[in-house]
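I have placed the structure first, in the form of structure tokens, so that the comments after it can refer back to it.
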Amino acid sequence: MTEQLTRLRDEIDAIDNELLQLLNTRARLAQEIGRKKSGTAYRPERESQIFTRLKQLNAGPLSHERIIQLFTEIISACRALEEPFTVAYLGPQGTFSEEAVTKRFGSAINTLASSSIDDVFRKVESGTAHYGVVPVENSTEGAVGRTMDLLLQTPLKICGEIELSVHQCLMAQHSELTKIKKIYSHPQSFAQCQKWLKENLPNLHVMDRIDAASNADAARLAASDPHAAAIAGKKAAEVFGLTLCARNIEDNPNNTTRFLIIGTQHIAPSGKDKTSLAMATNNRPGAVHELLAPLAHHRVSMTRLESRPSRANLWDYVFFVDIEGHQEDEHIAKALQALRNNATFLKILGSYPAA
Ligand SMILES: O=C(O)C(=O)C[C@]1(C(=O)O)C=C[C@@H](O)C=C1
């Protein structure tokens with residue numbers, strides 16, 4: 001080893017020693033905050049402010065994304081010292097929902113894989129889990145109707161949102177593509193990877209594509225067959241001990257799924273928030289225009305508008321609206337009051353930091 005290399009490694013050792021001390025000092029401060037504050041340890045508004053500040057300060061060479069990932073783990077470890085908590089998500093293990101949980105909460109939490117979106121809501125409502133993570137919309141597939149229907153009925157609040165780039169990978173027991181005779185995946189994932197499959201595995205017939213209940217299930221099946229591969233997220237490869245043969249094989253690299261964090265907690269303003277609402281109005285010409293007019297009047301930006309058939313009456317609709325701002329911001333509070341006067345039904349689903 002050259003002298004220069006030894007010197008550089010000595011410098012890294014010295015920095016690691018400092019980092020170690022600083023991390024434990026940070027952990028002790030978090031413990032002290034945990035003893036002093038009332039309520040739960042998880043404060044998404046504070047975490048969002050920390051990330052915004054770090055992104056502003058970060059001069060590289062580490063990317064913003066890497067910095068957020070590293071600090072998510074640091075905060076996750078500190079939070080766990082304050083209070084361990086459990087997050088339920090749409091399972092099985094190895095799904096994109098699980099990736100979303102780790103992206104936001106880090107790995108120092110307990111997770112509970114649940115069999116359905118209903119089951120995630122039930123686990124949080126009954127107190128079995130402190131928070132739940134459910135998909136709400138995908139940039140190519142659209143809204144997840146079941147999540148929206150349950151938001152109408154539940155006493156729970158939206159406490160946060162997570163945006164996850166959905167990257168599909170081909171995985172198998174080995175990386176020899178020539179040995180692969182069949183592929184398992186969820187039909188939606190097959191649809192998202194058509195072009196790659198045609199170009200890279202042209203000898204595989206459509207008949208050799210076998211639908212699975214979920215991507216994670218596909219990975220589980222491929223793990224027991226040396227002639228099979230699966231298309232799934234990279235988390236599934238970790239869970240089932242598979243080799244990644246190809247990454248990012250989706251036709252549209254911007255495919256994103258948005259998840260909601262649901263819980264019982266009221267989230268304080270972070271300075272960059274969203275508020276989600278569900279509303280209904282009379283079924284007559286111009287009613288929707290009138291209903292939403294207060295948003296324009298109070299200069300509130302709407303980031304999403306989605307309608308769902310109401311379960312109560314045929315041809316009645318519920319409108320799901322996301323706006324920029326927190327319900328405690330003055331102009332938002334005024335707009336909400338005006339909306340309440342116009343609507344036949346209004347439910348504030350939650351105010352939370354924007355992803
Ligand atoms: O500031 C707090 O309330 C903390 O508990 C500290 C801390 C952190 O590690 O920075 C940990 C958990 C919270 O979700 C937010 C921040």
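Residues are named by chain letter and number: chains run A, B, ... in the order of the structure tokens, numbers start at 1 in each chain, and ligands are numbered from 1 in the order shown.
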Cut-off 8 Å, only C-alpha atoms and all ligand atoms, neighbours of ligand 1 as a PyMOL selection string: chain A and resi 26-27+29-31+33-34+37+41-47+50+74-79+82
Once you have the residues from the selection above, write them out as a PDB file, in the first residue's frame, restricted to C-alpha atoms.
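Saved file selection_35.pdb follows:
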```pdb
ATOM      1  CA  ARG A  26     -27.411  13.347  18.300  1.00  0.00           C
ATOM      2  CA  ALA A  27     -29.099  10.157  19.585  1.00  0.00           C
ATOM      3  CA  LEU A  29     -30.464  14.721  22.216  1.00  0.00           C
ATOM      4  CA  ALA A  30     -33.324  12.885  20.469  1.00  0.00           C
ATOM      5  CA  GLN A  31     -33.823  10.778  23.638  1.00  0.00           C
ATOM      6  CA  ILE A  33     -36.560  15.488  23.256  1.00  0.00           C
ATOM      7  CA  GLY A  34     -38.519  12.227  23.533  1.00  0.00           C
ATOM      8  CA  LYS A  37     -42.331  16.342  24.329  1.00  0.00           C
ATOM      9  CA  ALA A  41     -42.113  10.318  18.790  1.00  0.00           C
ATOM     10  CA  TYR A  42     -42.815  10.594  15.029  1.00  0.00           C
ATOM     11  CA  ARG A  43     -42.991  14.245  13.905  1.00  0.00           C
ATOM     12  CA  PRO A  44     -43.187  14.254  10.101  1.00  0.00           C
ATOM     13  CA  GLU A  45     -43.281  18.062   9.955  1.00  0.00           C
ATOM     14  CA  ARG A  46     -39.927  18.298  11.785  1.00  0.00           C
ATOM     15  CA  GLU A  47     -38.355  15.570   9.632  1.00  0.00           C
ATOM     16  CA  ILE A  50     -34.630  18.797   8.448  1.00  0.00           C
ATOM     17  CA  ILE A  74     -29.983   8.315  11.201  1.00  0.00           C
ATOM     18  CA  ILE A  75     -33.356   9.791  12.210  1.00  0.00           C
ATOM     19  CA  SER A  76     -34.940   6.312  12.134  1.00  0.00           C
ATOM     20  CA  ALA A  77     -32.329   5.047  14.639  1.00  0.00           C
ATOM     21  CA  CYS A  78     -32.783   8.112  16.898  1.00  0.00           C
ATOM     22  CA  ARG A  79     -36.592   7.839  16.736  1.00  0.00           C
ATOM     23  CA  GLU A  82     -37.391   7.496  21.781  1.00  0.00           C
TER      24      GLU A  82
END
```
Within 9 Å of A:Asp149 using only C-alpha atoms, minus same-chain residues under 3 positions, as a ChimeraX atom specification: /A:145-146,152-153,308,310-311
Spatial neighbours of stretch 175-190 of chain A, 8 Å, only C-alpha atoms, chain gap at least 4 places, as a PDB file with C-alpha atoms, in the first residue's frame:
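Done, and the output landed in result_16.pdb:
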```pdb
ATOM      1  CA  GLN A 168     -38.907  -3.022 -12.252  1.00  0.00           C
ATOM      2  CA  MET A 171     -34.418 -11.440 -11.025  1.00  0.00           C
ATOM      3  CA  GLN A 194     -43.233  -5.090 -22.815  1.00  0.00           C
ATOM      4  CA  LEU A 201     -35.801 -12.147 -24.268  1.00  0.00           C
ATOM      5  CA  LEU A 204     -39.732 -16.250 -24.619  1.00  0.00           C
ATOM      6  CA  ASP A 208     -44.091 -18.383 -20.850  1.00  0.00           C
ATOM      7  CA  ARG A 209     -45.286 -15.314 -18.944  1.00  0.00           C
ATOM      8  CA  ILE A 210     -47.164 -16.459 -15.868  1.00  0.00           C
ATOM      9  CA  ASP A 211     -49.371 -14.065 -13.889  1.00  0.00           C
ATOM     10  CA  ALA A 212     -48.776 -13.889 -10.125  1.00  0.00           C
ATOM     11  CA  ALA A 213     -50.937 -12.309  -7.395  1.00  0.00           C
ATOM     12  CA  SER A 214     -48.204  -9.749  -6.618  1.00  0.00           C
ATOM     13  CA  ASN A 215     -44.631  -9.041  -7.692  1.00  0.00           C
ATOM     14  CA  ASP A 217     -45.294 -13.607  -5.003  1.00  0.00           C
ATOM     15  CA  ALA A 218     -43.628 -13.822  -8.433  1.00  0.00           C
ATOM     16  CA  ALA A 219     -40.201 -13.535  -6.770  1.00  0.00           C
ATOM     17  CA  LEU A 221     -42.076 -18.604  -7.125  1.00  0.00           C
ATOM     18  CA  ALA A 222     -38.862 -17.829  -9.063  1.00  0.00           C
ATOM     19  CA  PRO A 226     -33.771 -22.392 -11.608  1.00  0.00           C
ATOM     20  CA  HIS A 227     -35.488 -22.022 -15.017  1.00  0.00           C
ATOM     21  CA  ALA A 228     -37.752 -19.196 -13.863  1.00  0.00           C
ATOM     22  CA  ALA A 229     -37.266 -15.457 -13.427  1.00  0.00           C
ATOM     23  CA  ALA A 230     -39.514 -12.796 -11.916  1.00  0.00           C
ATOM     24  CA  ILE A 231     -40.188  -9.152 -12.663  1.00  0.00           C
ATOM     25  CA  ALA A 232     -40.443  -7.259  -9.368  1.00  0.00           C
ATOM     26  CA  THR A 243     -29.813 -12.221  -8.207  1.00  0.00           C
ATOM     27  CA  LEU A 244     -30.692  -9.053 -10.122  1.00  0.00           C
ATOM     28  CA  CYS A 245     -30.230  -9.877 -13.847  1.00  0.00           C
TER      29      CYS A 245
END
```
Interatomic distance (Å, one decimal) between atom CA of A:Ser351 and atom CA of A:Leu156: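 Atom CA of A:Leu156 lies at a distance of 12.1 Å from atom CA of A:Ser351.
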Close residues, A:Tyr131 itself excluded, 9 Å, only C-alpha atoms, min 5 positions apart in chain, as a ChimeraX atom specification: /A:85-89,120-121,123-124,159,261-264
Write a file of the just-selected residues containing N, CA and C atoms, as a PDB file, in the first residue's frame.
```pdb
ATOM      1  N   PHE A  85     -41.975   1.913  17.107  1.00  0.00           N
ATOM      2  CA  PHE A  85     -43.344   1.835  16.613  1.00  0.00           C
ATOM      3  C   PHE A  85     -43.499   0.935  15.389  1.00  0.00           C
ATOM      4  N   THR A  86     -44.781   0.623  15.110  1.00  0.00           N
ATOM      5  CA  THR A  86     -45.106  -0.379  14.096  1.00  0.00           C
ATOM      6  C   THR A  86     -45.862   0.264  12.929  1.00  0.00           C
ATOM      7  N   VAL A  87     -45.444  -0.087  11.709  1.00  0.00           N
ATOM      8  CA  VAL A  87     -46.098   0.430  10.506  1.00  0.00           C
ATOM      9  C   VAL A  87     -46.664  -0.755   9.710  1.00  0.00           C
ATOM     10  N   ALA A  88     -47.978  -0.713   9.443  1.00  0.00           N
ATOM     11  CA  ALA A  88     -48.623  -1.756   8.628  1.00  0.00           C
ATOM     12  C   ALA A  88     -48.591  -1.313   7.169  1.00  0.00           C
ATOM     13  N   TYR A  89     -48.419  -2.257   6.248  1.00  0.00           N
ATOM     14  CA  TYR A  89     -48.409  -1.915   4.823  1.00  0.00           C
ATOM     15  C   TYR A  89     -49.015  -3.053   4.024  1.00  0.00           C
ATOM     16  N   VAL A 120     -54.907  -2.987   6.286  1.00  0.00           N
ATOM     17  CA  VAL A 120     -53.992  -1.939   6.775  1.00  0.00           C
ATOM     18  C   VAL A 120     -54.801  -0.928   7.612  1.00  0.00           C
ATOM     19  N   PHE A 121     -55.941  -0.479   7.074  1.00  0.00           N
ATOM     20  CA  PHE A 121     -56.791   0.472   7.821  1.00  0.00           C
ATOM     21  C   PHE A 121     -57.213  -0.140   9.165  1.00  0.00           C
ATOM     22  N   LYS A 123     -55.796  -2.447  10.973  1.00  0.00           N
ATOM     23  CA  LYS A 123     -54.700  -2.597  11.944  1.00  0.00           C
ATOM     24  C   LYS A 123     -54.397  -1.260  12.626  1.00  0.00           C
ATOM     25  N   VAL A 124     -54.529  -0.149  11.885  1.00  0.00           N
ATOM     26  CA  VAL A 124     -54.251   1.158  12.500  1.00  0.00           C
ATOM     27  C   VAL A 124     -55.442   1.583  13.364  1.00  0.00           C
ATOM     28  N   CYS A 159     -51.414  11.385   7.484  1.00  0.00           N
ATOM     29  CA  CYS A 159     -50.303  12.008   8.224  1.00  0.00           C
ATOM     30  C   CYS A 159     -49.116  12.307   7.315  1.00  0.00           C
ATOM     31  N   ILE A 261     -49.606   7.933   4.270  1.00  0.00           N
ATOM     32  CA  ILE A 261     -49.386   7.408   5.623  1.00  0.00           C
ATOM     33  C   ILE A 261     -50.652   7.754   6.403  1.00  0.00           C
ATOM     34  N   ILE A 262     -51.291   6.750   6.999  1.00  0.00           N
ATOM     35  CA  ILE A 262     -52.505   7.016   7.774  1.00  0.00           C
ATOM     36  C   ILE A 262     -52.244   6.736   9.252  1.00  0.00           C
ATOM     37  N   GLY A 263     -52.854   7.556  10.104  1.00  0.00           N
ATOM     38  CA  GLY A 263     -52.660   7.386  11.538  1.00  0.00           C
ATOM     39  C   GLY A 263     -53.675   8.202  12.309  1.00  0.00           C
ATOM     40  N   THR A 264     -53.484   8.301  13.627  1.00  0.00           N
ATOM     41  CA  THR A 264     -54.459   9.006  14.465  1.00  0.00           C
ATOM     42  C   THR A 264     -53.994  10.419  14.810  1.00  0.00           C
TER      43      THR A 264
END
```
Picked from stretch 135-349 of chain A by DSSP as strand (DSSP E), as a ChimeraX atom specification: /A:135-138,142-143,157-165,169-172,182-185,209-211,228-232,243-246,256-263,273-280,302-309,317-324,345-349
Output for the residues just chosen: C-alpha atoms as a compact mmCIF listing (two decimals), in the first residue's frame:
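Ended up saving to out06.txt:
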```txt
# COMPACT_ATOMS: atom_id res chain seq x y z
CA PRO A 135 -51.07 3.20 -2.31
CA VAL A 136 -53.39 6.00 -3.50
CA GLU A 137 -52.42 6.67 -7.13
CA ASN A 138 -50.03 5.61 -9.86
CA GLY A 142 -54.50 6.16 -11.99
CA ALA A 143 -56.30 6.22 -8.62
CA LYS A 157 -56.14 11.01 9.28
CA ILE A 158 -53.63 11.29 6.45
CA CYS A 159 -50.30 12.01 8.22
CA GLY A 160 -48.00 12.06 5.20
CA GLU A 161 -47.37 11.07 1.60
CA ILE A 162 -44.55 9.11 -0.05
CA GLU A 163 -43.69 9.24 -3.73
CA LEU A 164 -41.84 6.18 -5.01
CA SER A 165 -40.33 5.71 -8.47
CA CYS A 169 -36.05 -5.55 -12.21
CA LEU A 170 -35.59 -9.01 -13.71
CA MET A 171 -34.42 -11.44 -11.03
CA ALA A 172 -33.62 -15.14 -10.85
CA LYS A 182 -40.53 -18.70 -17.93
CA ILE A 183 -41.21 -15.43 -16.14
CA TYR A 184 -43.56 -14.73 -13.25
CA SER A 185 -45.00 -11.28 -12.52
CA ARG A 209 -45.29 -15.31 -18.94
CA ILE A 210 -47.16 -16.46 -15.87
CA ASP A 211 -49.37 -14.06 -13.89
CA ALA A 228 -37.75 -19.20 -13.86
CA ALA A 229 -37.27 -15.46 -13.43
CA ALA A 230 -39.51 -12.80 -11.92
CA ILE A 231 -40.19 -9.15 -12.66
CA ALA A 232 -40.44 -7.26 -9.37
CA THR A 243 -29.81 -12.22 -8.21
CA LEU A 244 -30.69 -9.05 -10.12
CA CYS A 245 -30.23 -9.88 -13.85
CA ALA A 246 -31.38 -6.46 -15.12
CA THR A 256 -44.34 6.78 -9.92
CA THR A 257 -46.68 5.53 -7.20
CA ARG A 258 -47.95 7.83 -4.47
CA PHE A 259 -48.60 6.31 -1.03
CA LEU A 260 -50.38 7.79 1.99
CA ILE A 261 -49.39 7.41 5.62
CA ILE A 262 -52.51 7.02 7.77
CA GLY A 263 -52.66 7.39 11.54
CA ASP A 273 -47.83 21.23 3.34
CA LYS A 274 -50.77 19.71 1.56
CA THR A 275 -54.37 19.28 2.73
CA SER A 276 -56.60 16.52 1.37
CA LEU A 277 -60.38 16.94 1.29
CA ALA A 278 -63.41 14.90 0.25
CA MET A 279 -66.50 16.89 -0.77
CA ALA A 280 -69.94 16.47 -2.29
CA MET A 302 -55.29 22.69 -6.19
CA THR A 303 -52.83 19.84 -6.93
CA ARG A 304 -55.36 17.04 -7.51
CA LEU A 305 -59.03 16.64 -8.33
CA GLU A 306 -60.56 13.19 -8.61
CA SER A 307 -64.18 12.07 -8.54
CA ARG A 308 -65.56 8.75 -7.26
CA PRO A 309 -69.15 7.53 -7.39
CA TYR A 317 -70.15 11.83 -6.84
CA VAL A 318 -67.61 12.55 -4.12
CA PHE A 319 -64.75 14.86 -5.10
CA PHE A 320 -61.27 14.25 -3.70
CA VAL A 321 -59.30 17.47 -3.72
CA ASP A 322 -55.68 18.09 -2.66
CA ILE A 323 -54.67 21.69 -2.02
CA GLU A 324 -51.36 23.36 -1.21
CA PHE A 345 -70.61 17.13 2.65
CA LEU A 346 -67.00 17.99 3.52
CA LYS A 347 -64.40 15.87 5.28
CA ILE A 348 -60.86 17.09 5.94
CA LEU A 349 -58.80 13.94 5.38
```
Nearest residue to A:Pro155 from the set A:Asp13, A:Glu125, A:Glu3, A:Glu65 (distances using only C-alpha atoms):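 So, comparing all the options, the nearest one is A:Glu125.
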Determine which residues of stretch 274-321 of chain A receive a DSSP assignment of alpha helix (DSSP H), computed from the backbone, and state them as a PDB file with C-alpha atoms, in the first residue's frame.
```
ATOM      1  CA  ALA A 287     -72.636  23.054  -8.832  1.00  0.00           C
ATOM      2  CA  VAL A 288     -69.025  21.782  -8.987  1.00  0.00           C
ATOM      3  CA  HIS A 289     -67.820  25.137 -10.318  1.00  0.00           C
ATOM      4  CA  GLU A 290     -69.568  26.931  -7.417  1.00  0.00           C
ATOM      5  CA  LEU A 291     -68.274  24.388  -4.912  1.00  0.00           C
ATOM      6  CA  LEU A 292     -64.630  25.009  -5.855  1.00  0.00           C
ATOM      7  CA  ALA A 293     -64.893  28.794  -6.374  1.00  0.00           C
ATOM      8  CA  PRO A 294     -63.619  29.646  -2.820  1.00  0.00           C
ATOM      9  CA  LEU A 295     -60.262  28.036  -3.680  1.00  0.00           C
ATOM     10  CA  ALA A 296     -59.660  30.528  -6.497  1.00  0.00           C
ATOM     11  CA  HIS A 297     -61.034  33.383  -4.370  1.00  0.00           C
TER      12      HIS A 297
END
```
Straight-line distance linking atom CA of A:His298 with atom CA of A:Ala335, stated in Å to one decimal: 5.9 Å
Separation of atom CA of A:Lys235 from atom CA of A:Leu23 in Å: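 Computing the Euclidean distance for atom CA of A:Leu23 and atom CA of A:Lys235 yields 27.2 Å.
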Nearest to A:Glu238 by atom-to-atom distance, counting only C-alpha atoms, from A:Gln56, A:Asn252, A:Asn283, A:Thr95: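 For A:Glu238, the nearest of the candidates is A:Thr95.
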